file input_22.tsv (TSV, C-alpha atoms)
chain	number	residue	atom	x	y	z
A	11	MET	CA	-18.43	-28.01	-29.81
A	12	PHE	CA	-17.02	-28.44	-33.32
A	13	GLN	CA	-19.86	-26.32	-34.71
A	14	PHE	CA	-19.07	-23.57	-32.20
A	15	LEU	CA	-15.34	-23.64	-33.02
A	16	ALA	CA	-16.20	-23.47	-36.72
A	17	ALA	CA	-18.41	-20.45	-36.07
A	18	ILE	CA	-15.51	-18.75	-34.24
A	19	ARG	CA	-13.13	-19.57	-37.07
A	20	ASP	CA	-15.52	-18.17	-39.67
A	21	LEU	CA	-16.06	-14.83	-37.96
A	22	PRO	CA	-15.26	-11.87	-40.23
A	23	LYS	CA	-11.67	-10.63	-40.37
A	24	THR	CA	-12.70	-7.34	-38.77
A	25	VAL	CA	-14.06	-9.14	-35.70
A	26	TRP	CA	-10.83	-11.11	-35.32
A	27	LEU	CA	-8.73	-7.98	-35.73
A	28	ILE	CA	-10.68	-6.06	-33.11
A	29	GLY	CA	-10.42	-9.04	-30.77
A	30	LEU	CA	-6.64	-9.22	-31.21
A	31	ILE	CA	-6.35	-5.47	-30.73
A	32	SER	CA	-8.23	-5.70	-27.43
A	33	LEU	CA	-6.16	-8.68	-26.28
A	34	VAL	CA	-2.81	-6.96	-26.91
A	35	ASN	CA	-3.94	-3.58	-25.60
A	36	ASP	CA	-5.48	-5.05	-22.45
A	37	SER	CA	-2.37	-7.14	-21.80
A	38	ALA	CA	-0.37	-3.90	-21.66
A	39	SER	CA	-3.02	-2.09	-19.63
A	40	GLU	CA	-3.47	-4.87	-17.06
A	41	MET	CA	0.30	-5.38	-16.86
A	42	LEU	CA	0.70	-1.80	-15.65
A	43	TYR	CA	-2.58	-1.02	-13.89
A	44	PRO	CA	-1.88	-3.18	-10.78
A	45	LEU	CA	1.52	-1.49	-10.49
A	46	LEU	CA	0.17	2.07	-10.44
A	47	PRO	CA	-0.68	2.16	-6.71
A	48	LEU	CA	2.79	0.79	-5.88
A	49	TYR	CA	4.46	3.25	-8.26
A	50	LEU	CA	2.42	6.12	-6.90
A	51	THR	CA	3.32	5.44	-3.28
A	52	SER	CA	6.93	4.21	-3.58
A	53	VAL	CA	8.21	6.41	-6.42
A	54	LEU	CA	5.92	9.46	-6.62
A	55	MET	CA	5.30	9.57	-2.85
A	56	ALA	CA	1.52	10.11	-3.05
A	57	GLY	CA	-1.32	8.36	-1.21
A	58	PRO	CA	-4.73	6.73	-1.71
A	59	LYS	CA	-6.61	10.05	-1.95
A	60	VAL	CA	-4.50	11.07	-4.94
A	61	LEU	CA	-5.11	7.68	-6.53
A	62	GLY	CA	-8.87	8.16	-6.09
A	63	LEU	CA	-8.68	11.63	-7.63
A	64	ILE	CA	-6.71	10.38	-10.62
A	65	GLU	CA	-9.03	7.43	-11.33
A	66	GLY	CA	-12.20	9.46	-10.74
A	67	ILE	CA	-11.24	12.17	-13.23
A	68	ALA	CA	-9.97	9.63	-15.76
A	69	GLU	CA	-13.07	7.42	-15.74
A	70	SER	CA	-15.52	10.35	-15.82
A	71	THR	CA	-13.78	11.75	-18.90
A	72	SER	CA	-13.91	8.38	-20.62
A	73	SER	CA	-17.66	7.97	-20.03
A	74	LEU	CA	-18.55	11.36	-21.51
A	75	LEU	CA	-16.40	10.89	-24.62
A	76	LYS	CA	-18.01	7.52	-25.35
A	77	LEU	CA	-21.24	9.38	-26.16
A	78	VAL	CA	-19.46	12.11	-28.14
A	79	SER	CA	-17.57	9.65	-30.35
A	80	GLY	CA	-20.66	7.50	-30.88
A	81	VAL	CA	-22.78	10.42	-32.08
A	82	VAL	CA	-20.02	11.70	-34.39
A	83	VAL	CA	-19.62	8.23	-35.92
A	84	ASP	CA	-23.32	8.16	-36.80
A	85	LYS	CA	-22.85	11.46	-38.65
A	86	THR	CA	-19.53	10.77	-40.41
A	87	LYS	CA	-19.99	7.00	-40.99
A	88	LYS	CA	-16.29	6.57	-40.18
A	89	THR	CA	-15.15	4.36	-37.30
A	90	LYS	CA	-11.51	3.55	-38.09
A	91	PRO	CA	-10.02	7.03	-37.40
A	92	TRP	CA	-11.54	7.09	-33.91
A	93	ILE	CA	-10.31	3.59	-33.14
A	94	VAL	CA	-6.77	4.33	-34.36
A	95	VAL	CA	-6.50	7.63	-32.49
A	96	GLY	CA	-7.98	6.07	-29.35
A	97	TYR	CA	-5.44	3.26	-29.21
A	98	PHE	CA	-2.61	5.62	-30.16
A	99	LEU	CA	-3.34	7.94	-27.22
A	100	ALA	CA	-3.44	5.00	-24.82
A	101	GLY	CA	-0.29	3.39	-26.20
A	102	VAL	CA	1.87	6.50	-26.30
A	103	GLY	CA	1.05	7.52	-22.73
A	104	ARG	CA	1.89	4.36	-20.79
A	105	PRO	CA	5.66	4.23	-21.47
A	106	LEU	CA	5.93	7.91	-20.50
A	107	ILE	CA	5.08	6.98	-16.90
A	108	ALA	CA	8.70	5.83	-16.59
A	109	PHE	CA	9.93	9.42	-16.99
A	110	ILE	CA	7.57	11.35	-14.70
A	111	ASN	CA	8.49	12.62	-11.24
A	112	SER	CA	5.15	13.84	-9.82
A	113	TRP	CA	1.59	12.59	-9.48
A	114	GLU	CA	0.32	15.55	-11.54
A	115	TRP	CA	2.06	14.09	-14.59
A	116	LEU	CA	0.53	10.70	-13.82
A	117	LEU	CA	-2.89	12.37	-13.73
A	118	LEU	CA	-2.24	13.87	-17.17
A	119	ILE	CA	-1.15	10.50	-18.60
A	120	ARG	CA	-4.13	8.64	-17.16
A	121	PHE	CA	-6.38	11.43	-18.41
A	122	THR	CA	-4.95	10.98	-21.92
A	123	ASP	CA	-5.30	7.21	-21.69
A	124	ARG	CA	-8.99	7.49	-20.77
A	125	ILE	CA	-9.55	10.03	-23.54
A	126	GLY	CA	-8.30	7.33	-25.87
A	127	LYS	CA	-10.68	4.78	-24.37
A	128	GLY	CA	-13.59	7.19	-24.62
A	129	LEU	CA	-12.88	7.96	-28.27
A	130	ARG	CA	-12.54	4.34	-29.39
A	131	SER	CA	-15.12	2.36	-27.38
A	132	SER	CA	-18.42	3.31	-29.03
A	133	PRO	CA	-17.01	3.38	-32.61
A	134	ARG	CA	-15.45	-0.05	-31.98
A	135	ASP	CA	-18.75	-1.47	-30.71
A	136	ALA	CA	-20.61	0.03	-33.68
A	137	LEU	CA	-18.08	-1.52	-36.09
A	138	LEU	CA	-18.50	-4.91	-34.41
A	139	ALA	CA	-22.28	-4.64	-34.77
A	140	GLU	CA	-21.94	-3.81	-38.47
A	141	SER	CA	-19.43	-6.58	-39.17
A	142	ALA	CA	-21.68	-9.54	-38.40
A	143	ALA	CA	-25.18	-10.79	-39.11
A	144	LYS	CA	-27.89	-10.13	-36.51
A	145	ASP	CA	-28.04	-13.79	-35.53
A	146	GLN	CA	-24.30	-13.73	-34.70
A	147	ARG	CA	-24.16	-10.64	-32.51
A	148	GLY	CA	-24.10	-12.57	-29.25
A	149	LEU	CA	-21.18	-14.65	-30.51
A	150	VAL	CA	-19.36	-11.58	-31.85
A	151	PHE	CA	-19.60	-9.48	-28.69
A	152	GLY	CA	-18.95	-12.50	-26.48
A	153	PHE	CA	-15.85	-13.36	-28.51
A	154	HIS	CA	-14.61	-9.79	-28.18
A	155	ARG	CA	-15.10	-9.80	-24.40
A	156	SER	CA	-13.28	-13.14	-24.19
A	157	MET	CA	-10.30	-11.75	-26.10
A	158	ASP	CA	-10.32	-8.60	-23.97
A	159	ASN	CA	-10.32	-10.63	-20.76
A	160	ALA	CA	-7.56	-12.87	-22.07
A	161	GLY	CA	-5.42	-9.75	-21.95
A	162	ALA	CA	-6.50	-9.29	-18.33
A	163	VAL	CA	-5.10	-12.77	-17.63
A	164	PHE	CA	-1.80	-12.35	-19.47
A	165	GLY	CA	-1.06	-8.80	-18.28
A	166	PRO	CA	-0.82	-9.45	-14.51
A	167	LEU	CA	1.11	-12.67	-15.12
A	168	ILE	CA	3.65	-10.78	-17.25
A	169	ALA	CA	3.96	-8.10	-14.57
A	170	ALA	CA	4.42	-10.73	-11.84
A	171	TYR	CA	7.13	-12.46	-13.89
A	172	LEU	CA	9.01	-9.22	-14.53
A	173	LEU	CA	8.83	-8.36	-10.83
A	174	TYR	CA	10.10	-11.87	-10.03
A	175	LEU	CA	13.07	-11.13	-12.28
A	176	GLN	CA	13.57	-7.93	-10.23
A	177	VAL	CA	13.00	-5.67	-13.23
A	178	PRO	CA	12.69	-2.06	-11.91
A	179	LEU	CA	9.21	-0.53	-12.02
A	180	ARG	CA	10.32	2.21	-14.43
A	181	ASP	CA	11.64	-0.38	-16.88
A	182	ILE	CA	8.37	-2.34	-16.79
A	183	PHE	CA	6.52	0.81	-17.90
A	184	LEU	CA	9.00	1.20	-20.77
A	185	TRP	CA	8.25	-2.35	-21.95
A	186	ALA	CA	4.69	-1.20	-22.65
A	187	ILE	CA	5.88	0.44	-25.89
A	188	ILE	CA	6.02	-3.00	-27.57
A	189	PRO	CA	2.31	-3.92	-27.23
A	190	ALA	CA	1.46	-0.29	-28.03
A	191	LEU	CA	3.16	-0.56	-31.43
A	192	VAL	CA	1.53	-3.94	-32.14
A	193	THR	CA	-1.90	-2.55	-31.20
A	194	LEU	CA	-1.45	0.49	-33.45
A	195	GLY	CA	-0.36	-1.69	-36.37
A	196	LEU	CA	-3.41	-3.92	-36.01
A	197	ALA	CA	-5.73	-0.90	-35.73
A	198	LEU	CA	-4.31	0.57	-38.94
A	199	SER	CA	-5.18	-2.75	-40.66
A	200	LEU	CA	-8.90	-2.33	-39.97
A	201	ASN	CA	-11.24	-1.62	-42.87
A	202	GLU	CA	-14.59	0.15	-42.88
A	203	PRO	CA	-17.53	-2.04	-43.99
A	204	ARG	CA	-17.80	-2.06	-47.79
A	205	LYS	CA	-21.57	-1.82	-47.74
A	206	ARG	CA	-23.28	0.29	-45.13
A	207	GLU	CA	-27.03	0.62	-44.85
A	208	GLN	CA	-27.51	4.28	-45.71
A	209	ILE	CA	-29.74	6.62	-43.79
A	210	GLN	CA	-29.77	10.38	-43.88
A	211	THR	CA	-28.37	11.90	-40.69
A	212	PRO	CA	-28.61	15.66	-41.27
A	213	VAL	CA	-27.58	16.80	-37.79
A	214	PHE	CA	-25.65	15.52	-34.83
A	215	GLN	CA	-28.23	13.77	-32.65
A	216	TRP	CA	-27.10	13.98	-29.03
A	217	SER	CA	-30.42	13.21	-27.38
A	218	LEU	CA	-32.33	9.95	-27.02
A	219	GLU	CA	-34.94	11.22	-29.48
A	220	GLY	CA	-35.55	8.73	-32.26
A	221	LEU	CA	-34.26	5.76	-30.29
A	222	PRO	CA	-36.84	3.04	-29.54
A	223	THR	CA	-38.84	3.09	-26.33
A	224	GLU	CA	-37.56	-0.39	-25.51
A	225	PHE	CA	-33.98	0.89	-25.72
A	226	LYS	CA	-34.73	3.82	-23.38
A	227	ARG	CA	-36.34	1.48	-20.87
A	228	TYR	CA	-33.41	-0.93	-21.14
A	229	LEU	CA	-31.01	1.98	-20.59
A	230	LEU	CA	-32.80	2.98	-17.38
A	231	VAL	CA	-32.89	-0.57	-16.04
A	232	ALA	CA	-29.22	-1.10	-16.92
A	233	GLY	CA	-28.45	2.08	-14.97
A	234	ILE	CA	-30.27	0.76	-11.89
A	235	PHE	CA	-28.40	-2.52	-12.18
A	236	THR	CA	-25.07	-0.67	-12.46
A	237	LEU	CA	-25.94	1.31	-9.32
A	238	GLY	CA	-25.57	-2.00	-7.49
A	239	ASN	CA	-22.50	-3.07	-9.45
A	240	SER	CA	-19.79	-1.07	-7.67
A	241	SER	CA	-16.03	-1.20	-8.18
A	242	ASP	CA	-14.59	-4.72	-8.18
A	243	MET	CA	-11.93	-3.45	-5.76
A	244	PHE	CA	-14.50	-3.97	-2.98
A	245	LEU	CA	-14.71	-7.65	-3.88
A	246	LEU	CA	-10.97	-8.01	-3.44
A	247	LEU	CA	-11.14	-6.10	-0.17
A	248	ARG	CA	-13.84	-8.49	1.06
A	249	ALA	CA	-11.74	-11.48	-0.03
A	250	ARG	CA	-8.78	-10.18	1.97
A	251	GLU	CA	-10.96	-9.65	5.06
A	252	ILE	CA	-12.33	-13.20	4.85
A	253	GLY	CA	-8.81	-14.61	4.87
A	254	VAL	CA	-7.45	-14.94	1.34
A	255	PRO	CA	-3.65	-14.41	1.55
A	256	GLN	CA	-2.45	-11.14	0.04
A	257	ALA	CA	-0.22	-12.92	-2.47
A	258	GLN	CA	-3.23	-14.83	-3.81
A	259	ILE	CA	-5.45	-11.80	-4.41
A	260	PRO	CA	-4.02	-11.03	-7.90
A	261	LEU	CA	-4.28	-14.72	-8.82
A	262	LEU	CA	-7.90	-14.79	-7.62
A	263	TRP	CA	-8.74	-11.92	-9.94
A	264	ALA	CA	-6.77	-13.43	-12.81
A	265	GLY	CA	-8.89	-16.55	-12.28
A	266	VAL	CA	-12.08	-14.51	-12.78
A	267	SER	CA	-10.66	-13.14	-16.05
A	268	LEU	CA	-9.74	-16.67	-17.12
A	269	VAL	CA	-13.33	-17.85	-16.57
A	270	ILE	CA	-14.61	-14.94	-18.68
A	271	THR	CA	-12.07	-15.74	-21.39
A	272	LEU	CA	-13.09	-19.39	-21.59
A	273	PHE	CA	-16.87	-18.97	-21.35
A	274	GLY	CA	-17.57	-15.47	-22.72
A	275	ALA	CA	-17.93	-16.46	-26.38
A	276	PRO	CA	-19.86	-19.76	-25.97
A	277	LEU	CA	-22.30	-18.37	-23.40
A	278	SER	CA	-22.97	-15.20	-25.41
A	279	ALA	CA	-23.47	-17.29	-28.55
A	280	ILE	CA	-26.31	-19.14	-26.82
A	281	SER	CA	-28.25	-15.86	-26.71
A	282	ASP	CA	-28.28	-15.82	-30.52
A	283	ARG	CA	-30.49	-18.91	-30.38
A	284	TYR	CA	-32.52	-18.52	-27.20
A	285	GLY	CA	-32.87	-14.73	-26.96
A	286	ARG	CA	-31.14	-11.85	-25.17
A	287	LYS	CA	-33.79	-11.04	-22.56
A	288	ARG	CA	-34.01	-14.50	-21.03
A	289	PHE	CA	-30.23	-14.80	-21.00
A	290	ILE	CA	-29.70	-11.44	-19.28
A	291	LEU	CA	-32.32	-12.36	-16.67
A	292	ILE	CA	-30.43	-15.55	-15.82
A	293	SER	CA	-27.04	-13.82	-15.68
A	294	TRP	CA	-28.38	-11.01	-13.47
A	295	ALA	CA	-29.92	-13.64	-11.17
A	296	SER	CA	-26.46	-15.18	-10.75
A	297	PHE	CA	-25.20	-11.71	-9.80
A	298	VAL	CA	-27.84	-11.60	-7.04
A	299	VAL	CA	-26.69	-14.97	-5.72
A	300	PHE	CA	-23.06	-13.82	-5.80
A	301	TYR	CA	-23.62	-10.53	-3.95
A	302	PHE	CA	-25.95	-11.96	-1.33
A	303	GLY	CA	-23.44	-14.77	-0.85
A	304	MET	CA	-20.52	-12.34	-0.46
A	305	GLY	CA	-22.49	-10.59	2.29
A	306	LEU	CA	-22.81	-13.70	4.47
A	307	PRO	CA	-21.05	-13.04	7.81
A	308	SER	CA	-19.74	-16.62	8.14
A	309	LEU	CA	-18.50	-17.03	4.56
A	310	SER	CA	-15.57	-19.45	4.31
A	311	VAL	CA	-12.56	-19.04	2.02
A	312	PHE	CA	-13.59	-22.15	0.06
A	313	SER	CA	-17.09	-20.75	-0.50
A	314	LEU	CA	-15.60	-17.44	-1.55
A	315	TYR	CA	-13.54	-19.15	-4.27
A	316	ALA	CA	-16.72	-20.81	-5.56
A	317	LEU	CA	-18.56	-17.47	-5.54
A	318	PHE	CA	-15.76	-15.81	-7.50
A	319	GLY	CA	-16.09	-18.57	-10.09
A	320	LEU	CA	-19.81	-17.76	-10.30
A	321	TYR	CA	-18.94	-14.07	-10.70
A	322	GLY	CA	-16.71	-14.94	-13.65
A	323	LEU	CA	-19.59	-16.85	-15.23
A	324	PHE	CA	-21.92	-13.88	-14.62
A	325	LYS	CA	-19.54	-11.52	-16.43
A	326	ALA	CA	-19.00	-14.05	-19.22
A	327	ALA	CA	-22.76	-14.43	-19.71
A	328	SER	CA	-23.66	-10.74	-19.47
A	329	GLU	CA	-21.00	-8.44	-20.94
A	330	GLY	CA	-21.30	-9.56	-24.55
A	331	VAL	CA	-25.05	-10.21	-24.47
A	332	GLU	CA	-25.87	-6.76	-23.06
A	333	LYS	CA	-24.00	-5.10	-25.94
A	334	ALA	CA	-25.57	-7.46	-28.47
A	335	LEU	CA	-28.99	-6.32	-27.20
A	336	VAL	CA	-27.96	-2.68	-27.73
A	337	ALA	CA	-27.08	-3.55	-31.32
A	338	ASP	CA	-30.45	-5.31	-31.75
A	339	LEU	CA	-32.38	-2.29	-30.48
A	340	ALA	CA	-30.41	0.42	-32.31
A	341	PRO	CA	-32.09	1.82	-35.45
A	342	ILE	CA	-30.15	1.87	-38.71
A	343	GLY	CA	-27.67	4.73	-38.61
A	344	ARG	CA	-27.93	5.26	-34.82
A	345	ALA	CA	-25.72	2.42	-33.52
A	346	GLY	CA	-22.98	4.85	-32.47
A	347	ALA	CA	-25.39	6.95	-30.40
A	348	ALA	CA	-26.99	3.85	-28.87
A	349	PHE	CA	-23.64	2.45	-27.76
A	350	GLY	CA	-22.58	5.93	-26.66
A	351	TRP	CA	-25.57	6.30	-24.35
A	352	PHE	CA	-25.22	2.74	-23.05
A	353	ASN	CA	-21.51	3.20	-22.29
A	354	LEU	CA	-22.14	6.66	-20.80
A	355	VAL	CA	-24.88	5.48	-18.41
A	356	ASN	CA	-22.86	2.49	-17.25
A	357	GLY	CA	-19.71	4.56	-16.80
A	358	VAL	CA	-21.39	7.42	-14.95
A	359	MET	CA	-23.30	5.12	-12.58
A	360	VAL	CA	-20.12	3.40	-11.41
A	361	LEU	CA	-19.13	6.50	-9.39
A	362	PRO	CA	-22.29	6.78	-7.22
A	363	ALA	CA	-22.41	2.98	-7.01
A	364	SER	CA	-18.93	2.87	-5.50
A	365	LEU	CA	-19.54	5.86	-3.22
A	366	ILE	CA	-22.78	4.38	-1.82
A	367	PHE	CA	-21.30	0.90	-1.45
A	368	GLY	CA	-18.19	2.25	0.26
A	369	GLU	CA	-20.22	4.40	2.65
A	370	ILE	CA	-22.43	1.46	3.68
A	371	TYR	CA	-19.41	-0.86	3.88
A	372	GLU	CA	-17.49	1.49	6.21
A	373	SER	CA	-20.35	3.03	8.21
A	374	ILE	CA	-22.59	0.00	8.74
A	375	SER	CA	-21.14	-3.33	7.57
A	376	ALA	CA	-19.97	-5.25	4.54
A	377	SER	CA	-23.07	-7.45	4.71
A	378	TYR	CA	-25.47	-4.53	4.28
A	379	ALA	CA	-23.38	-3.14	1.41
A	380	PHE	CA	-23.64	-6.41	-0.50
A	381	ILE	CA	-27.34	-6.67	0.32
A	382	PHE	CA	-27.85	-3.18	-1.16
A	383	SER	CA	-26.16	-4.24	-4.41
A	384	GLY	CA	-28.10	-7.47	-4.62
A	385	THR	CA	-31.37	-5.59	-4.04
A	386	CYS	CA	-30.62	-3.20	-6.92
A	387	ALA	CA	-30.15	-6.25	-9.13
A	388	VAL	CA	-33.44	-7.78	-7.96
A	389	ILE	CA	-35.30	-4.56	-8.84
A	390	SER	CA	-33.58	-4.52	-12.25
A	391	ILE	CA	-34.59	-8.11	-12.94
A	392	GLY	CA	-38.23	-7.34	-12.14
A	393	LEU	CA	-38.28	-4.25	-14.37
A	394	LEU	CA	-36.56	-6.06	-17.24
A	395	LYS	CA	-39.03	-8.92	-17.06
A	396	VAL	CA	-42.31	-6.99	-16.85
A	397	TRP	CA	-41.57	-3.50	-18.22
A	398	VAL	CA	-38.71	-3.26	-20.72
A	399	PHE	CA	-40.24	-5.57	-23.35
A	400	LYS	CA	-43.98	-5.26	-22.82
A	401	SER	CA	-45.01	-5.94	-26.42
A	402	LYS	CA	-43.57	-9.31	-27.35
A	403	MET	CA	-40.85	-11.82	-26.55
A	404	ASN	CA	-38.92	-11.53	-29.80
A	405	ARG	CA	-35.85	-10.54	-27.82
A	406	GLU	CA	-36.34	-12.88	-24.91
call {"tool": "encode", "arguments": {"input": "input_22.tsv", "output": "structure tokens"}}
result
Amino acid sequence: MFQFLAAIRDLPKTVWLIGLISLVNDSASEMLYPLLPLYLTSVLMAGPKVLGLIEGIAESTSSLLKLVSGVVVDKTKKTKPWIVVGYFLAGVGRPLIAFINSWEWLLLIRFTDRIGKGLRSSPRDALLAESAAKDQRGLVFGFHRSMDNAGAVFGPLIAAYLLYLQVPLRDIFLWAIIPALVTLGLALSLNEPRKREQIQTPVFQWSLEGLPTEFKRYLLVAGIFTLGNSSDMFLLLRAREIGVPQAQIPLLWAGVSLVITLFGAPLSAISDRYGRKRFILISWASFVVFYFGMGLPSLSVFSLYALFGLYGLFKAASEGVEKALVADLAPIGRAGAAFGWFNLVNGVMVLPASLIFGEIYESISASYAFIFSGTCAVISIGLLKVWVFKSKMNRE
């Protein structure tokens, strides 16, 4: 334990800064995100269909720009400008929600916010990969995901406290200017790596050409896995159907984020010693257990709480390690493109995943929807084990 804490303490300044940036930014984001449906219906007088339209457009835009920014970073060798602009666009938009009077303006603000996320995500991941040694990448990406999810714990708690104090919704959105300024200040403090491994990149390389075969196979398998990993909103819907009180739903989700915060860094660090492939296989297997378990017709509330704890462990053990594997597989000078493609595939697949899951959930039953997701994960596990790394187990 002391050795692990020392490793965390000794992480490069850039890794700590990016972690703090994500914590503060996500605190603001998660403070406001749960309030958007309420604000949309009670203040802007719009319904669920409008909410779906807004989120669909916003997330699709973000996924595409993650590839664009990653490819441009490989060409320019500059990550900081994209990170600063990305967080600026997100920070400046949120407080403006307090002044809008129609859902069209909310669409524009969410669109701008997701543009910011799309511009910063791949450059940020590339900078994290460059800021640490190869044998620390699991720890680095796990630490970042822990800090990011810490914000997902603090944000809803802050929002709940402000609502308890009867602070008007519009005023809560205005409070978001404070974390926005802190985030921007931290982003401006980032420095580019002093020594970069140089490689000639004469043109913008948008395709997968030049990326390793193992990476392309991993990308395909990750896409299949994501096809079964639909929106987490369905998990909360299932929890409500099983009998979890409405007031406890936000706390249940905050608990998942807390598990990720506590275990993300130590679990991801284990992959630095025992290998990425084996670790991802185990984490994906826990996903199978979770989804098959959530589909049980006679699931009790107590069992559901236990399953949600397992889901938190799955996310803690997978989010950082999957990105560390991308960094391992990316050739010198192509990290931006590799993270761009990885983020693009995962982002794009969320839409069909949610549409298919929702259709099965509503037309057939919740059990069959969860079985579908678990089956996608089983197929992904088989392909990862026997096909992605056919040559050797150096990335087990």
call {"tool": "closest_residue", "arguments": {"input": "input_22.tsv", "among": "A:Thr271, A:Ser308, A:Thr24, A:Ser313", "to": "Met157 (chain A)", "atoms": "all atoms listed in the file"}}
result
A:Thr271
call {"tool": "closest_residue", "arguments": {"input": "input_22.tsv", "among": "A:Lys333, A:Arg134, A:His154, A:Arg248", "to": "Thr89 (chain A)", "atoms": "all atoms listed in the file"}}
result
A:Arg134
call {"tool": "closest_residue", "arguments": {"input": "input_22.tsv", "among": "A:Ala279, A:Val360, A:Leu179, A:Ala295", "to": "Ile234 (chain A)", "atoms": "all atoms listed in the file"}}
result
A:Val360
call {"tool": "atom_distance", "arguments": {"input": "input_22.tsv", "atom1": "CA of Ala162 (chain A)", "atom2": "CA of Ala139 (chain A)"}}
result
23.3 Å
call {"tool": "residues_around", "arguments": {"input": "input_22.tsv", "residues": "region 116-120 of chain A", "least_positions_apart": "2", "cutoff": "6 Å", "atoms": "all atoms listed in the file", "output": "list in words"}}
result
Ile64, Gly103, Trp113, Glu114, Thr122 and Asp123 of chain A
call {"tool": "atom_distance", "arguments": {"input": "input_22.tsv", "atom1": "CA of Leu196 (chain A)", "atom2": "CA of Val34 (chain A)"}}
result
9.6 Å
call {"tool": "closest_residue", "arguments": {"input": "input_22.tsv", "among": "A:Ala143, A:Val311, A:Glu219, A:Ser296", "to": "Arg250 (chain A)", "atoms": "all atoms listed in the file"}}
result
A:Val311
call {"tool": "atom_distance", "arguments": {"input": "input_22.tsv", "atom1": "CA of Ser364 (chain A)", "atom2": "CA of Gly253 (chain A)"}}
result
22.7 Å
call {"tool": "residues_around", "arguments": {"input": "input_22.tsv", "residues": "region 379-381 of chain A", "least_positions_apart": "2", "cutoff": "10 Å", "atoms": "all atoms listed in the file", "output": "PyMOL selection string"}}
result
chain A and resi 238-240+244-245+298+300-306+366-377+383-387
call {"tool": "closest_residue", "arguments": {"input": "input_22.tsv", "among": "A:Leu149, A:Ile391, A:Leu15, A:Ala38", "to": "Val192 (chain A)", "atoms": "only C-alpha atoms"}}
result
A:Ala38
call {"tool": "closest_residue", "arguments": {"input": "input_22.tsv", "among": "A:Gly350, A:Pro22, A:Gly29, A:Gly80", "to": "Gly152 (chain A)", "atoms": "all atoms listed in the file"}}
result
A:Gly29
call {"tool": "decode", "arguments": {"input": "input_22.tsv", "residues": "region 241-251 of chain A", "atoms": "N, CA, C and O atoms", "output": "PDB file, in the first residue's frame"}}
result
ATOM      1  N   SER A 241     -26.410   2.907 -22.784  1.00  0.00           N
ATOM      2  CA  SER A 241     -26.453   4.021 -21.832  1.00  0.00           C
ATOM      3  C   SER A 241     -26.712   3.519 -20.411  1.00  0.00           C
ATOM      4  O   SER A 241     -27.547   2.646 -20.176  1.00  0.00           O
ATOM      5  N   ASP A 242     -25.995   4.093 -19.452  1.00  0.00           N
ATOM      6  CA  ASP A 242     -26.183   3.721 -18.049  1.00  0.00           C
ATOM      7  C   ASP A 242     -27.554   4.135 -17.520  1.00  0.00           C
ATOM      8  O   ASP A 242     -27.955   3.691 -16.436  1.00  0.00           O
ATOM      9  N   MET A 243     -28.261   4.989 -18.253  1.00  0.00           N
ATOM     10  CA  MET A 243     -29.606   5.368 -17.837  1.00  0.00           C
ATOM     11  C   MET A 243     -30.524   4.149 -17.732  1.00  0.00           C
ATOM     12  O   MET A 243     -31.433   4.109 -16.912  1.00  0.00           O
ATOM     13  N   PHE A 244     -30.285   3.127 -18.566  1.00  0.00           N
ATOM     14  CA  PHE A 244     -31.095   1.913 -18.508  1.00  0.00           C
ATOM     15  C   PHE A 244     -30.877   1.155 -17.195  1.00  0.00           C
ATOM     16  O   PHE A 244     -31.789   0.498 -16.687  1.00  0.00           O
ATOM     17  N   LEU A 245     -29.669   1.233 -16.660  1.00  0.00           N
ATOM     18  CA  LEU A 245     -29.389   0.583 -15.385  1.00  0.00           C
ATOM     19  C   LEU A 245     -30.191   1.233 -14.266  1.00  0.00           C
ATOM     20  O   LEU A 245     -30.729   0.553 -13.387  1.00  0.00           O
ATOM     21  N   LEU A 246     -30.275   2.556 -14.310  1.00  0.00           N
ATOM     22  CA  LEU A 246     -31.041   3.268 -13.290  1.00  0.00           C
ATOM     23  C   LEU A 246     -32.538   3.012 -13.460  1.00  0.00           C
ATOM     24  O   LEU A 246     -33.272   2.936 -12.470  1.00  0.00           O
ATOM     25  N   LEU A 247     -32.979   2.897 -14.702  1.00  0.00           N
ATOM     26  CA  LEU A 247     -34.378   2.558 -14.954  1.00  0.00           C
ATOM     27  C   LEU A 247     -34.701   1.176 -14.386  1.00  0.00           C
ATOM     28  O   LEU A 247     -35.745   0.976 -13.740  1.00  0.00           O
ATOM     29  N   ARG A 248     -33.814   0.221 -14.600  1.00  0.00           N
ATOM     30  CA  ARG A 248     -33.993  -1.137 -14.080  1.00  0.00           C
ATOM     31  C   ARG A 248     -34.017  -1.118 -12.549  1.00  0.00           C
ATOM     32  O   ARG A 248     -34.829  -1.810 -11.919  1.00  0.00           O
ATOM     33  N   ALA A 249     -33.126  -0.329 -11.952  1.00  0.00           N
ATOM     34  CA  ALA A 249     -33.088  -0.231 -10.492  1.00  0.00           C
ATOM     35  C   ALA A 249     -34.406   0.307  -9.944  1.00  0.00           C
ATOM     36  O   ALA A 249     -34.916  -0.178  -8.919  1.00  0.00           O
ATOM     37  N   ARG A 250     -34.967   1.293 -10.622  1.00  0.00           N
ATOM     38  CA  ARG A 250     -36.246   1.864 -10.182  1.00  0.00           C
ATOM     39  C   ARG A 250     -37.361   0.836 -10.305  1.00  0.00           C
ATOM     40  O   ARG A 250     -38.221   0.723  -9.411  1.00  0.00           O
ATOM     41  N   GLU A 251     -37.354   0.052 -11.382  1.00  0.00           N
ATOM     42  CA  GLU A 251     -38.383  -0.976 -11.579  1.00  0.00           C
ATOM     43  C   GLU A 251     -38.307  -2.057 -10.506  1.00  0.00           C
ATOM     44  O   GLU A 251     -39.335  -2.585 -10.064  1.00  0.00           O
TER      45      GLU A 251
END
